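Below is work.txt, which holds compact mmCIF, C-alpha atoms.
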```txt
# COMPACT_ATOMS: atom_id res chain seq x y z
CA MET A 1 -27.37 14.51 48.58
CA MET A 2 -24.82 11.97 49.76
CA ILE A 3 -22.70 10.25 47.09
CA THR A 4 -22.00 6.65 47.99
CA THR A 5 -18.88 4.75 47.06
CA GLU A 6 -20.96 2.53 44.79
CA ASP A 7 -22.37 5.57 42.94
CA ALA A 8 -18.88 6.97 42.43
CA TRP A 9 -17.65 3.61 41.15
CA GLN A 10 -20.51 3.35 38.65
CA ASP A 11 -19.73 6.84 37.37
CA LEU A 12 -16.07 5.90 37.00
CA ILE A 13 -16.62 2.70 35.04
CA GLY A 14 -19.04 4.55 32.78
CA ILE A 15 -16.24 6.75 31.44
CA SER A 16 -14.96 5.63 28.06
CA ALA A 17 -11.31 4.57 27.98
CA ASP A 18 -10.86 6.39 24.68
CA PRO A 19 -11.24 10.17 24.39
CA PRO A 20 -14.26 11.23 22.34
CA ASP A 21 -13.59 12.10 18.72
CA ARG A 22 -15.36 15.38 18.18
CA ARG A 23 -14.58 15.61 14.48
CA ASP A 24 -17.20 14.48 12.01
CA LYS A 25 -15.89 11.64 9.89
CA CYS A 26 -16.68 10.53 6.37
CA GLU A 27 -18.52 7.21 6.33
CA ARG A 28 -16.51 5.97 3.31
CA CYS A 29 -12.88 6.90 3.87
CA LYS A 30 -13.22 7.18 7.70
CA ARG A 31 -11.21 10.40 7.66
CA PRO A 32 -12.31 13.70 9.21
CA VAL A 33 -14.68 15.41 6.79
CA VAL A 34 -12.33 18.36 6.34
CA VAL A 35 -9.64 16.06 4.90
CA CYS A 36 -11.94 13.64 3.07
CA TRP A 37 -10.67 12.71 -0.40
CA CYS A 38 -13.79 10.89 -1.61
CA SER A 39 -14.73 13.67 -4.01
CA ALA A 40 -11.62 12.77 -6.04
CA LEU A 41 -12.63 9.11 -6.42
CA PRO A 42 -13.77 7.97 -9.88
CA GLN A 43 -17.54 8.05 -10.18
CA PRO A 44 -18.80 5.46 -10.71
CA PRO A 45 -16.05 3.12 -9.45
CA LEU A 46 -14.00 1.67 -12.28
CA ALA A 47 -14.94 -1.71 -13.73
CA VAL A 48 -11.80 -3.63 -14.68
CA ALA A 49 -11.28 -7.23 -15.74
CA SER A 50 -8.24 -7.74 -13.51
CA GLN A 51 -8.32 -8.16 -9.74
CA ILE A 52 -5.87 -6.83 -7.15
CA VAL A 53 -5.21 -8.88 -4.00
CA ILE A 54 -3.22 -7.09 -1.29
CA LEU A 55 -1.42 -9.13 1.38
CA GLN A 56 -0.98 -6.54 4.10
CA HIS A 57 1.35 -6.71 7.07
CA PRO A 58 -0.57 -5.91 10.30
CA ALA A 59 1.65 -2.90 11.00
CA GLU A 60 0.31 -1.13 7.90
CA GLU A 61 -3.15 -0.84 9.45
CA LYS A 62 -1.75 1.49 12.11
CA ARG A 63 -0.46 4.04 9.65
CA SER A 64 -2.50 7.21 9.37
CA LEU A 65 -1.98 7.82 5.65
CA ARG A 66 -2.93 4.54 4.00
CA THR A 67 -3.65 4.38 0.29
CA ALA A 68 -5.02 0.82 -0.14
CA LEU A 69 -8.49 2.07 0.79
CA MET A 70 -8.31 4.61 -2.04
CA LEU A 71 -7.82 1.71 -4.41
CA GLN A 72 -10.67 -0.31 -2.93
CA LEU A 73 -13.11 2.58 -3.21
CA GLY A 74 -11.92 3.53 -6.69
CA LEU A 75 -12.71 0.09 -8.15
CA LYS A 76 -15.92 -1.89 -8.38
CA PRO A 77 -16.58 -4.01 -5.25
CA GLY A 78 -14.52 -7.19 -5.23
CA LYS A 79 -11.85 -5.88 -7.60
CA CYS A 80 -9.47 -5.03 -4.76
CA VAL A 81 -9.36 -7.39 -1.77
CA VAL A 82 -7.13 -6.92 1.29
CA TYR A 83 -5.98 -9.81 3.52
CA LYS A 84 -3.99 -9.10 6.68
CA GLY A 85 -1.32 -11.28 8.24
CA LYS A 86 2.34 -12.25 8.37
CA ARG A 87 1.91 -15.57 6.56
CA PHE A 88 -0.44 -16.39 3.69
CA PRO A 89 -2.70 -18.21 3.70
CA ASN A 90 -3.37 -19.02 7.34
CA ALA A 91 -6.27 -20.57 9.22
CA ARG A 92 -8.03 -17.21 9.65
CA HIS A 93 -8.16 -16.43 5.95
CA PRO A 94 -11.19 -17.45 3.86
CA ALA A 95 -10.90 -20.35 1.43
CA GLU A 96 -11.09 -17.88 -1.44
CA LEU A 97 -7.51 -16.76 -0.82
CA GLN A 98 -6.23 -20.31 -1.25
CA ARG A 99 -8.13 -20.58 -4.52
CA VAL A 100 -6.52 -17.35 -5.72
CA LEU A 101 -3.04 -18.56 -4.82
CA ASP A 102 -3.66 -21.90 -6.58
CA SER A 103 -4.89 -20.29 -9.81
CA PRO A 104 -2.62 -20.25 -12.89
CA GLN A 105 -4.06 -16.78 -13.62
CA THR A 106 -2.51 -15.29 -10.49
CA LEU A 107 0.66 -13.21 -10.67
CA LEU A 108 2.84 -12.01 -7.78
CA LEU A 109 4.46 -8.61 -7.97
CA TYR A 110 7.84 -9.33 -6.41
CA PRO A 111 11.27 -8.22 -7.65
CA SER A 112 13.16 -11.48 -7.55
CA LYS A 113 15.82 -12.53 -10.03
CA ASP A 114 13.22 -14.76 -11.68
CA SER A 115 10.54 -12.11 -12.07
CA VAL A 116 9.69 -10.89 -15.56
CA PRO A 117 8.50 -7.43 -16.58
CA LEU A 118 4.75 -7.13 -16.21
CA GLU A 119 4.71 -5.45 -19.60
CA GLN A 120 5.84 -8.74 -21.18
CA ILE A 121 2.92 -10.80 -19.84
CA ASP A 122 0.53 -12.04 -22.53
CA ARG A 123 -2.49 -9.86 -21.80
CA SER A 124 -4.65 -11.75 -24.27
CA ALA A 125 -4.45 -14.75 -21.89
CA GLY A 126 -6.05 -12.72 -19.06
CA PRO A 127 -7.77 -11.57 -17.03
CA TYR A 128 -5.26 -11.92 -14.24
CA THR A 129 -5.27 -11.58 -10.47
CA LEU A 130 -2.28 -9.60 -9.27
CA VAL A 131 -1.00 -10.16 -5.72
CA LEU A 132 0.81 -7.30 -3.98
CA ILE A 133 2.68 -7.50 -0.65
CA ASP A 134 2.05 -4.38 1.41
CA GLY A 135 4.65 -3.53 4.03
CA THR A 136 8.20 -2.31 4.48
CA TRP A 137 10.87 -4.15 2.53
CA PRO A 138 11.95 -6.25 5.57
CA GLN A 139 8.28 -7.04 6.31
CA ALA A 140 7.66 -8.01 2.68
CA LYS A 141 10.67 -10.33 2.60
CA ALA A 142 9.52 -11.95 5.86
CA ILE A 143 6.01 -12.48 4.48
CA TYR A 144 7.40 -14.02 1.30
CA ALA A 145 9.83 -16.28 3.20
CA SER A 146 7.10 -17.59 5.50
CA SER A 147 4.50 -18.15 2.75
CA PRO A 148 5.44 -21.11 0.52
CA ALA A 149 2.26 -20.63 -1.53
CA LEU A 150 3.72 -17.37 -2.87
CA HIS A 151 6.84 -19.13 -4.14
CA ARG A 152 4.79 -21.10 -6.66
CA LEU A 153 3.27 -18.03 -8.32
CA ARG A 154 4.56 -16.45 -11.50
CA GLN A 155 6.53 -13.41 -10.41
CA VAL A 156 6.48 -10.09 -12.22
CA LYS A 157 7.96 -6.63 -11.73
CA LEU A 158 7.42 -3.12 -13.02
CA ILE A 159 10.14 -1.59 -15.13
CA ALA A 160 9.26 2.06 -15.68
CA VAL A 161 7.69 3.23 -12.43
CA GLY A 162 8.58 6.91 -12.48
CA ILE A 163 8.55 9.20 -9.45
CA SER A 164 5.94 8.87 -6.71
CA ASP A 165 3.20 11.50 -6.44
CA TYR A 166 3.12 10.85 -2.69
CA ILE A 167 5.19 13.98 -2.13
CA ILE A 168 4.33 14.50 1.55
CA ARG A 169 6.19 11.32 2.51
CA THR A 170 9.91 10.60 2.41
CA GLN A 171 10.52 7.60 0.16
CA PRO A 172 13.69 5.50 0.52
CA THR A 173 14.54 5.59 -3.19
CA GLU A 174 13.44 7.42 -6.31
CA GLY A 175 11.46 4.45 -7.64
CA CYS A 176 9.36 3.86 -4.52
CA LEU A 177 5.61 3.99 -4.99
CA SER A 178 2.66 3.81 -2.62
CA THR A 179 0.31 0.83 -2.69
CA LEU A 180 -2.22 2.84 -4.67
CA GLU A 181 0.30 4.01 -7.27
CA THR A 182 1.77 0.54 -7.69
CA ALA A 183 -1.62 -1.09 -8.23
CA ALA A 184 -2.78 1.70 -10.53
CA GLN A 185 0.34 1.36 -12.68
CA CYS A 186 -0.11 -2.41 -12.87
CA LEU A 187 -3.77 -2.11 -13.82
CA ALA A 188 -2.87 0.38 -16.53
CA VAL A 189 -0.57 -2.27 -18.01
CA LEU A 190 -2.85 -5.29 -17.55
CA GLU A 191 -5.93 -3.47 -18.86
CA SER A 192 -4.00 -1.76 -21.69
CA GLN A 193 -5.44 1.55 -20.46
CA PRO A 194 -2.63 3.99 -19.59
CA GLU A 195 -5.15 6.55 -18.32
CA LEU A 196 -6.15 4.30 -15.41
CA ARG A 197 -3.15 5.35 -13.35
CA GLN A 198 -4.00 9.03 -13.44
CA VAL A 199 -7.67 8.42 -12.63
CA LEU A 200 -6.99 6.13 -9.68
CA VAL A 201 -4.35 8.33 -8.01
CA ARG A 202 -6.50 11.48 -7.92
CA PRO A 203 -7.48 10.91 -4.27
CA LEU A 204 -3.77 10.83 -3.41
CA HIS A 205 -3.29 14.13 -5.22
CA ALA A 206 -6.21 15.61 -3.25
CA LEU A 207 -4.71 14.38 0.03
CA CYS A 208 -1.29 15.83 -0.76
CA LYS A 209 -2.73 19.16 -1.90
CA TYR A 210 -4.65 19.59 1.34
CA GLN A 211 -1.57 18.79 3.41
CA LEU A 212 0.60 21.18 1.39
CA ASP A 213 -2.01 23.95 1.63
CA ASN A 214 -1.95 23.54 5.40
CA GLY A 215 1.76 23.68 6.11
CA ALA A 216 3.19 20.37 4.93
CA VAL A 217 6.29 20.45 2.74
CA GLU A 218 7.33 18.33 -0.21
CA HIS A 219 9.66 15.46 0.66
CA GLN A 220 12.53 14.26 -1.50
CA SER A 221 13.56 10.62 -1.36
CA LYS A 222 16.46 9.55 0.84
CA GLU A 223 18.26 8.48 -2.34
CA PHE A 224 17.92 12.00 -3.78
CA LEU A 225 19.10 13.60 -0.54
CA MET A 226 22.17 11.35 -0.46
CA LYS A 227 23.02 12.03 -4.09
CA THR A 228 22.86 15.78 -3.43
CA ASN A 229 24.74 15.56 -0.08
CA GLN A 230 21.66 16.70 1.86
CA TYR A 231 20.94 13.54 3.85
CA PRO A 232 21.35 14.53 7.52
CA LYS A 233 22.08 11.10 9.00
CA PRO A 234 24.70 8.37 8.56
CA ILE A 235 23.64 5.79 5.96
CA GLY A 236 22.68 2.63 7.82
CA LYS A 237 23.23 -0.92 6.60
CA ARG A 238 19.52 -1.49 5.87
CA LEU A 239 19.20 1.63 3.70
CA SER A 240 22.47 0.87 1.96
CA ARG A 241 21.30 -2.67 1.13
CA LEU A 242 17.98 -1.32 -0.14
CA LEU A 243 19.70 1.16 -2.46
CA ASN A 244 22.09 -1.47 -3.78
CA TYR A 245 19.26 -3.95 -4.27
CA SER A 246 17.12 -1.46 -6.13
CA ASN A 247 19.96 -0.59 -8.48
CA THR A 248 21.00 -4.17 -9.25
CA VAL A 249 17.70 -6.10 -9.31
CA CYS A 250 14.94 -3.69 -10.20
CA GLY A 251 16.54 -0.50 -11.27
CA SER A 252 14.32 1.20 -8.70
CA ALA A 253 13.27 0.12 -5.13
CA SER A 254 11.58 -2.79 -2.42
CA PRO A 255 8.68 -5.15 -3.67
CA LEU A 256 5.62 -2.50 -3.76
CA GLU A 257 8.33 0.02 -3.56
CA GLN A 258 10.53 -1.76 -5.92
CA GLN A 259 7.77 -3.39 -7.70
CA ALA A 260 7.34 -0.43 -7.74
CA VAL A 261 6.45 -3.94 -1.71
CA THR A 262 5.37 -0.34 -0.69
CA GLN A 263 7.69 0.91 2.02
CA LYS A 264 4.75 2.55 3.71
CA SER A 265 1.29 2.62 2.25
```

Hey, can you dump this file as structure tokens for me?
Amino acid sequence: MMITTEDAWQDLIGISADPPDRRDKCERCKRPVVVCWCSALPQPPLAVASQIVILQHPAEEKRSLRTALMLQLGLKPGKCVVYKGKRFPNARHPAELQRVLDSPQTLLLYPSKDSVPLEQIDRSAGPYTLVLIDGTWPQAKAIYASSPALHRLRQVKLIAVGISDYIIRTQPTEGCLSTLETAAQCLAVLESQPELRQVLVRPLHALCKYQLDNGAVEHQSKEFLMKTNQYPKPIGKRLSRLLNYSNTVCGSASPLEQQAVTQKS
């Protein structure tokens, strides 16, 4: 049988540009079934009075190990909402975001000189909506600078954040937390339920355990490595500024990192 040029062309354009993904994926977390962490999610999802709104830099969506989805699936629908962009709000965002940013019940987790400890907020005046900026510290500062609506919000910060359980990732400083850990710690404070943090971060523990069981190693923060003379690279200006900022303003790290903004989610 003779193959015509047209037949060959039709066969060529029928080939997908992306290689097929042969691994079965979980419908909820969208991860390969073998590394699915859904079994560690709270069942049923937690019902809380507070709401978490995450303003996520577009670059975060490209990261393979994101924790914001763990938070969304761990809470009742609508209790964690993610908006993407570099400026908030913008024309592509729904009107609901503007209403959130105009509400006197909305707080912004951001470690400015004017921010007050979240623990000092009058919880009897709640419930509150807590806004988190999700991105690296430079990305978070750029989002804040380009979003005047954020400047009008009451700003809060976390004081005692502890050490991150995200041990398969190198954090810049000892007080850096993932998006999930930051939100869980804040909810524990706002809801006056300390146990919330442990329950919400279980999927992260499951993820880390699988990685460690399959060859991953625990990572110490860059701050720890520098303090113990183990950091293998020269200390750049950006990292130096981050360390100085965390020690003088927050006693820990960047907004979700210092807030306890996440450096990487």

Using all atoms listed in the file, which residue out of A:Cys208, A:Leu130, A:Cys36, A:Ala47 lies closest to Arg154 (chain A)?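 Of the candidates, the smallest distance to Arg154 (chain A) is held by A:Leu130.
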
Polymer residues at most 9 Å from Gln105 (chain A), all atoms listed in the file, same-chain spacing of 6 or more positions, as a PDB file with C-alpha atoms, in the frame of the given file:
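Output (around-v3.pdb):
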```
ATOM      1  CA  ALA A 125      -4.450 -14.750 -21.890  1.00  0.00           C
ATOM      2  CA  GLY A 126      -6.050 -12.720 -19.060  1.00  0.00           C
ATOM      3  CA  PRO A 127      -7.770 -11.570 -17.030  1.00  0.00           C
ATOM      4  CA  TYR A 128      -5.260 -11.920 -14.240  1.00  0.00           C
ATOM      5  CA  THR A 129      -5.270 -11.580 -10.470  1.00  0.00           C
ATOM      6  CA  LEU A 130      -2.280  -9.600  -9.270  1.00  0.00           C
ATOM      7  CA  ARG A 154       4.560 -16.450 -11.500  1.00  0.00           C
TER       8      ARG A 154
END
```

Might you pull out every residue within 10 Å of Val199 (chain A), with all atoms listed in the file counted and same-chain residues fewer than 2 positions away left off, and present them as a list in words?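 In the requested format, the answer is Ala40, Leu41, Pro42, Leu46, Gly74, Ala184, Pro194, Glu195, Leu196, Arg197, Val201, Arg202 and Pro203 of chain A.
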
Can you tell me, as a list in words, what residues are no more than 12 Å from Asn90 (chain A) when counting all atoms listed in the file, ignoring any on the same chain fewer than 6 positions away?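 That gives Leu55, Tyr83, Lys84, Glu96, Leu97, Gln98, Ile143, Ser146, Ser147, Pro148 and Ala149 of chain A.
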
May I have the centre and edge lengths, in Å to one decimal, of an axis-aligned box around the listed atoms of region 94-98 of chain A with 6 Å added to every side, as lines of an AutoDock Vina configuration file?
```
center_x = -8.7
center_y = -18.6
center_z = 1.2
size_x = 17.0
size_y = 15.6
size_z = 17.3
```

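Nearest-residue note for Cys176 (chain A): choosing from A:Pro45, A:Thr136, A:Gln155, A:Ala188, the minimum distance belongs to A:Thr136, counting all atoms listed in the file.
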
Nearest candidate to Pro58 (chain A) (options A:Lys86, A:Arg31, A:Lys76, A:Arg152; using only C-alpha atoms):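 Between A:Lys86, A:Arg31, A:Lys76, A:Arg152, the residue approaching Pro58 (chain A) most closely is A:Lys86.
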
What's the separation between CA of Asp114 (chain A) and CA of Ala145 (chain A), in Å to one decimal place? 15.3 Å

Can you tell me which residues surround region 120-124 of chain A at a distance of at most 10 Å, considering only C-alpha atoms, apart from same-chain residues fewer than 2 positions away, and format the answer as a ChimeraX atom specification? /A:107,116-118,126-128,156-157,189-192

Would you pick out the contacts of Pro77 (chain A) at 12 Å or less, using only C-alpha atoms, so that residues sharing its chain but fewer than 4 positions from it are not included, and give the list as a ChimeraX atom specification? /A:44-48,51-52,69,71-73,81-82

Distance of CA of His93 (chain A) from CA of Leu200 (chain A), expressed in Å to one decimal place: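 That distance, rounded to one decimal, is 27.5 Å.
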
Val131 (chain A) proximity check over A:Gln198, A:Gln185, A:Gln56, A:Ser178, using all atoms listed in the file: winner is A:Gln56

Å distance separating CA of Gly78 (chain A) from CA of Val100 (chain A), one decimal place: 12.9 Å

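Comparing A:Ser112, A:Ser39, A:Gln139, A:Thr179 by their smallest distance to Val53 (chain A), the closest is A:Thr179 (using all atoms listed in the file).
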
Nearest residue to Glu119 (chain A) out of A:Leu207, A:Leu158, A:Ala95, A:Ser103, using all atoms listed in the file?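 Ranking A:Leu207, A:Leu158, A:Ala95, A:Ser103 by distance to Glu119 (chain A), first place goes to A:Leu158.
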
With the input short on atoms, add N, CA and C atoms back to region 79-100 of chain A and write it as a compact mmCIF listing (two decimals), in the frame of the given file.
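What landed in part.txt:
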```
# COMPACT_ATOMS: atom_id res chain seq x y z
N LYS A 79 -13.00 -5.99 -6.70
CA LYS A 79 -11.85 -5.88 -7.60
C LYS A 79 -10.55 -5.57 -6.87
N CYS A 80 -10.65 -5.19 -5.61
CA CYS A 80 -9.47 -5.03 -4.76
C CYS A 80 -9.80 -5.61 -3.40
N VAL A 81 -9.10 -6.68 -3.02
CA VAL A 81 -9.36 -7.39 -1.77
C VAL A 81 -8.10 -7.34 -0.91
N VAL A 82 -8.26 -7.03 0.37
CA VAL A 82 -7.13 -6.92 1.29
C VAL A 82 -7.20 -8.04 2.33
N TYR A 83 -6.12 -8.80 2.47
CA TYR A 83 -5.98 -9.81 3.52
C TYR A 83 -4.83 -9.38 4.43
N LYS A 84 -5.02 -9.52 5.73
CA LYS A 84 -3.99 -9.10 6.68
C LYS A 84 -3.33 -10.31 7.32
N GLY A 85 -2.03 -10.19 7.59
CA GLY A 85 -1.32 -11.28 8.24
C GLY A 85 0.17 -11.18 8.01
N LYS A 86 0.89 -12.15 8.57
CA LYS A 86 2.34 -12.25 8.37
C LYS A 86 2.70 -13.49 7.58
N ARG A 87 1.71 -14.36 7.36
CA ARG A 87 1.91 -15.57 6.56
C ARG A 87 0.61 -15.84 5.80
N PHE A 88 0.75 -16.21 4.53
CA PHE A 88 -0.44 -16.39 3.69
C PHE A 88 -0.36 -17.70 2.91
N PRO A 89 -1.50 -18.45 2.88
CA PRO A 89 -2.70 -18.21 3.70
C PRO A 89 -2.50 -18.79 5.08
N ASN A 90 -3.37 -18.39 6.02
CA ASN A 90 -3.37 -19.02 7.34
C ASN A 90 -4.80 -19.41 7.69
N ALA A 91 -4.97 -20.00 8.86
CA ALA A 91 -6.27 -20.57 9.22
C ALA A 91 -7.37 -19.52 9.31
N ARG A 92 -7.02 -18.27 9.52
CA ARG A 92 -8.03 -17.21 9.65
C ARG A 92 -8.50 -16.66 8.31
N HIS A 93 -7.78 -16.96 7.25
CA HIS A 93 -8.16 -16.43 5.95
C HIS A 93 -9.25 -17.29 5.31
N PRO A 94 -10.15 -16.68 4.55
CA PRO A 94 -11.19 -17.45 3.86
C PRO A 94 -10.60 -18.36 2.80
N ALA A 95 -11.37 -19.38 2.42
CA ALA A 95 -10.90 -20.35 1.43
C ALA A 95 -10.63 -19.70 0.09
N GLU A 96 -11.27 -18.56 -0.16
CA GLU A 96 -11.09 -17.88 -1.44
C GLU A 96 -9.64 -17.50 -1.69
N LEU A 97 -8.91 -17.13 -0.63
CA LEU A 97 -7.51 -16.76 -0.82
C LEU A 97 -6.70 -17.93 -1.32
N GLN A 98 -6.94 -19.13 -0.78
CA GLN A 98 -6.23 -20.31 -1.25
C GLN A 98 -6.52 -20.57 -2.71
N ARG A 99 -7.77 -20.38 -3.11
CA ARG A 99 -8.13 -20.58 -4.52
C ARG A 99 -7.39 -19.58 -5.42
N VAL A 100 -7.26 -18.36 -4.96
CA VAL A 100 -6.52 -17.35 -5.72
C VAL A 100 -5.07 -17.75 -5.88
```
